[in-house]
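Asker: File follows, entry-v4.csv with CSV, C-alpha atoms and all ligand atoms:
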```
chain,number,residue,atom,x,y,z
A,183,MET,CA,0.3,-12.3,-53.0
A,184,VAL,CA,-1.9,-9.6,-51.7
A,185,ASP,CA,-0.7,-9.1,-48.2
A,186,SER,CA,3.0,-9.0,-48.7
A,187,SER,CA,3.0,-5.2,-48.1
A,188,LYS,CA,1.0,-5.3,-44.8
A,189,PRO,CA,2.7,-5.4,-41.4
A,190,ALA,CA,3.2,-8.8,-40.1
A,191,HIS,CA,0.7,-8.6,-37.3
A,192,SER,CA,-1.9,-5.9,-37.5
A,193,ARG,CA,-3.3,-5.4,-34.1
A,194,ILE,CA,-5.4,-2.4,-35.1
A,195,GLY,CA,-8.9,-2.9,-33.7
A,196,GLU,CA,-7.8,-5.2,-31.0
A,197,GLU,CA,-8.4,-4.4,-27.4
A,198,ILE,CA,-5.8,-3.8,-24.8
A,199,GLU,CA,-5.8,-2.8,-21.2
A,200,ALA,CA,-4.0,0.3,-20.3
A,201,PRO,CA,-4.1,3.1,-17.8
A,202,CYS,CA,-6.4,5.9,-18.9
A,203,GLY,CA,-5.3,9.4,-17.9
A,204,ARG,CA,-8.8,10.7,-18.0
A,205,CYS,CA,-10.6,7.8,-16.2
A,206,ARG,CA,-7.6,7.6,-13.9
A,207,MET,CA,-7.7,3.8,-13.9
A,208,ASP,CA,-7.0,0.9,-16.2
A,209,ARG,CA,-9.4,0.7,-19.0
A,210,ILE,CA,-9.9,-1.4,-22.1
A,211,HIS,CA,-8.5,0.6,-25.0
A,212,ARG,CA,-8.9,-0.1,-28.7
A,213,ILE,CA,-5.7,0.0,-30.8
A,214,VAL,CA,-6.1,2.6,-33.5
A,215,ALA,CA,-2.5,3.1,-34.8
A,216,GLN,CA,0.5,0.9,-35.0
A,217,ASP,CA,4.1,1.2,-36.0
A,218,PRO,CA,5.4,-0.8,-39.0
A,219,ASP,CA,7.4,-2.8,-36.6
A,220,GLY,CA,4.2,-3.9,-34.9
A,221,SER,CA,4.4,-1.8,-31.7
A,222,ILE,CA,1.3,-0.1,-30.7
A,223,LYS,CA,1.3,3.7,-31.2
A,224,LYS,CA,-2.2,5.1,-30.5
A,225,ILE,CA,-5.0,3.7,-28.4
A,226,ILE,CA,-8.5,5.0,-27.6
A,227,CYS,CA,-10.2,4.5,-24.3
A,228,GLY,CA,-13.3,2.4,-24.6
A,229,MET,CA,-14.9,4.3,-21.7
A,230,CYS,CA,-14.2,8.0,-22.3
A,231,ASN,CA,-13.0,7.8,-26.0
A,232,SER,CA,-9.9,9.8,-25.3
A,233,TYR,CA,-6.9,9.2,-27.5
A,234,ARG,CA,-3.5,8.6,-26.2
A,235,SER,CA,-0.1,7.4,-27.2
A,236,TYR,CA,0.5,3.9,-26.0
A,237,ARG,CA,3.3,3.4,-23.6
A,238,GLN,CA,4.7,0.0,-22.8
A,239,PRO,CA,3.7,-0.8,-19.3
A,240,LYS,CA,6.5,-0.6,-16.9
A,241,ALA,CA,7.0,-3.4,-14.4
A,242,GLN,CA,4.7,-2.7,-11.6
A,243,SER,CA,4.8,1.0,-11.1
A,244,GLU,CA,4.4,2.4,-7.6
A,245,THR,CA,0.7,2.8,-7.9
A,246,GLY,CA,-0.8,1.0,-5.0
A,247,THR,CA,2.3,0.9,-2.8
A,248,LYS,CA,1.6,4.4,-1.6
A,249,VAL,CA,0.0,3.8,1.7
A,250,ALA,CA,-0.2,6.4,4.4
A,251,LYS,CA,2.2,4.7,6.6
A,252,VAL,CA,4.3,7.4,8.3
A,253,ARG,CA,2.1,9.2,10.7
A,254,SER,CA,3.6,12.3,12.1
A,255,SER,CA,4.7,11.7,15.6
A,256,SER,CA,2.5,14.4,17.0
A,257,SER,CA,2.0,13.8,20.7
A,258,ARG,CA,-1.8,13.8,20.7
A,259,SER,CA,-2.9,13.2,24.3
A,260,THR,CA,-6.2,11.6,23.2
A,261,THR,CA,-6.9,8.0,24.1
A,262,THR,CA,-7.1,6.9,20.4
A,263,ALA,CA,-3.9,4.9,20.7
A,264,ALA,CA,-5.4,1.9,19.0
A,265,GLU,CA,-5.2,3.5,15.6
A,266,ASP,CA,-1.4,4.1,16.1
A,267,PHE,CA,-0.4,0.7,17.2
A,268,GLY,CA,-3.1,-1.5,15.6
A,269,LEU,CA,-4.8,-4.2,17.6
A,270,PRO,CA,-3.0,-5.6,20.7
A,271,SER,CA,-1.8,-9.1,20.3
A,272,ARG,CA,-2.7,-9.8,23.9
A,273,ASN,CA,-3.6,-8.1,27.1
A,274,TYR,CA,-0.9,-7.1,29.6
A,275,ASN,CA,-0.3,-9.5,32.4
A,276,MET,CA,2.7,-9.1,34.7
A,277,ARG,CA,3.2,-12.8,34.8
A,278,GLU,CA,4.0,-13.0,31.1
A,279,ASN,CA,7.0,-11.8,29.3
A,280,TYR,CA,7.1,-9.4,26.3
A,281,ASP,CA,9.2,-8.6,23.3
A,282,VAL,CA,10.2,-5.3,21.9
A,283,GLY,CA,7.7,-4.1,19.4
A,284,GLU,CA,4.8,-6.1,20.8
A,285,VAL,CA,1.5,-4.3,21.0
A,286,ILE,CA,-0.3,-5.0,24.2
A,287,GLY,CA,-3.6,-4.0,25.8
A,288,HIS,CA,-3.6,-2.5,29.3
A,289,SER,CA,-6.7,-2.2,31.4
A,290,THR,CA,-5.7,1.3,32.6
A,291,PHE,CA,-3.5,2.8,29.9
A,292,GLY,CA,-5.1,1.3,26.8
A,293,VAL,CA,-3.1,0.0,23.9
A,294,GLY,CA,0.7,0.4,24.1
A,295,LYS,CA,3.8,-0.8,22.3
A,296,VAL,CA,6.8,-2.3,24.0
A,297,LEU,CA,9.7,0.0,23.5
A,298,SER,CA,12.4,-1.9,25.3
A,299,ILE,CA,13.1,-4.5,27.8
A,300,LYS,CA,14.6,-2.8,30.9
A,301,ASP,CA,15.5,-6.0,32.6
A,302,MET,CA,14.2,-9.5,33.3
A,303,ASN,CA,11.2,-8.0,35.2
A,304,LYS,CA,10.6,-4.7,33.6
A,305,ILE,CA,9.5,-3.4,30.2
A,306,GLU,CA,9.1,0.1,28.9
A,307,VAL,CA,5.8,0.6,27.1
A,308,LYS,CA,4.6,3.5,25.1
A,309,PHE,CA,1.0,4.4,25.7
A,310,SER,CA,-0.9,7.3,24.3
A,311,ASP,CA,-0.4,9.3,27.4
A,312,GLY,CA,3.3,8.5,27.8
A,313,ILE,CA,5.9,5.8,28.5
A,314,LYS,CA,5.2,3.5,31.4
A,315,VAL,CA,7.4,0.9,33.0
A,316,LEU,CA,5.5,-2.3,33.6
A,317,LEU,CA,6.4,-5.4,35.3
A,318,GLN,CA,6.9,-8.7,33.5
A,319,ASN,CA,7.8,-12.3,34.5
A,320,LYS,CA,6.5,-11.7,38.0
A,401,ZN,ZN,-10.8,6.8,-20.3
```
Translate this structure into structure tokens?
Ligand SMILES: [Zn+2]
Answerer:
Amino acid sequence: MVDSSKPAHSRIGEEIEAPCGRCRMDRIHRIVAQDPDGSIKKIICGMCNSYRSYRQPKAQSETGTKVAKVRSSSSRSTTTAAEDFGLPSRNYNMRENYDVGEVIGHSTFGVGKVLSIKDMNKIEVKFSDGIKVLLQNK
């Protein structure tokens, strides 16, 4: 038999998707070298033709989860509160009642977030220009 000395599954020449360090994104790579046990050793990027050692992809690395979420709590006194709290779920109305963490719109103060429930009829809301106590359930 001719092929008794060849590795069981030669994957050389096959294409595989892998992150390319030069392109800085996933690219189709061509397999150019392989270990006798069948694992891929060297690949070449189909886009920029750079060689690299093939690393087995880890289970979902942290790429993509890095979102600028923690905004420094600098007390900017501008009226751009909307970008800090997101869109208000509803507009403030003293007849309604609110939950902690709810984002509300106020005709005078703009967008604010409910910090705490003071009592049955009062809530503490953080607006861009400070914390206000508003009425609820009136
Ligand atoms: Zn590349």
Asker: Please write as JSON, numbers by chain the list of polymer residues whose atoms come within 9 Å of (-6.3, 6.2, -27.8), counting all atoms listed in the file and keeping to the coordinates of the file.
Answerer: {"A": [202, 211, 212, 213, 214, 215, 223, 224, 225, 226, 227, 228, 231, 232, 233, 234, 235, 236]}
Asker: My list of candidates is A:Glu306, A:Glu278, A:Asp217, A:Asp311. Which is closest to Phe291 of chain A when distances are computed with all atoms listed in the file?
Answerer: A:Asp311
Asker: Using all atoms listed in the file, which of the listed residues (A:Ala200, A:Asp208, A:Gly268, A:Met229) sits closest to ligand ZN 401 (chain A)?
Answerer: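 Of A:Ala200, A:Asp208, A:Gly268, A:Met229, the one nearest ligand ZN 401 (chain A) is A:Met229, counting all atoms listed in the file.
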Asker: Can you work out the spacing between atom CA of Ile286 of chain A and atom CA of Leu269 of chain A in Å, to one decimal?
Answerer: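 Computing the Euclidean distance for atom CA of Ile286 of chain A and atom CA of Leu269 of chain A yields 8.0 Å.
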Asker: For atom CA of Ser271 of chain A and atom CA of Lys314 of chain A, quote the distance in Å rounded to one decimal.
Answerer: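 Computed distance, atom CA of Ser271 of chain A to atom CA of Lys314 of chain A, equals 18.2 Å.
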Asker: A:Gln238, A:Gln216, A:Cys230, A:Gly312: which is nearest His191 of chain A, counting only C-alpha atoms?
Answerer: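 Between A:Gln238, A:Gln216, A:Cys230, A:Gly312, the residue approaching His191 of chain A most closely is A:Gln216.
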Asker: Using all atoms listed in the file, which residues sit within 8 Å of Ser298 of chain A once same-chain residues fewer than 4 positions away are excluded, as a ChimeraX atom specification?
Answerer: /A:281-283,305-307
Asker: What does the structure give for the distance between atom CA of Tyr280 of chain A and atom CA of Val293 of chain A, in Å to one decimal?
Answerer: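 Going from atom CA of Tyr280 of chain A over to atom CA of Val293 of chain A covers 14.1 Å.
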Asker: Between A:Met207, A:Leu316, A:Met302, A:Val296, which has the minimum distance to Met276 of chain A (counting only C-alpha atoms)?
Answerer: A:Leu316
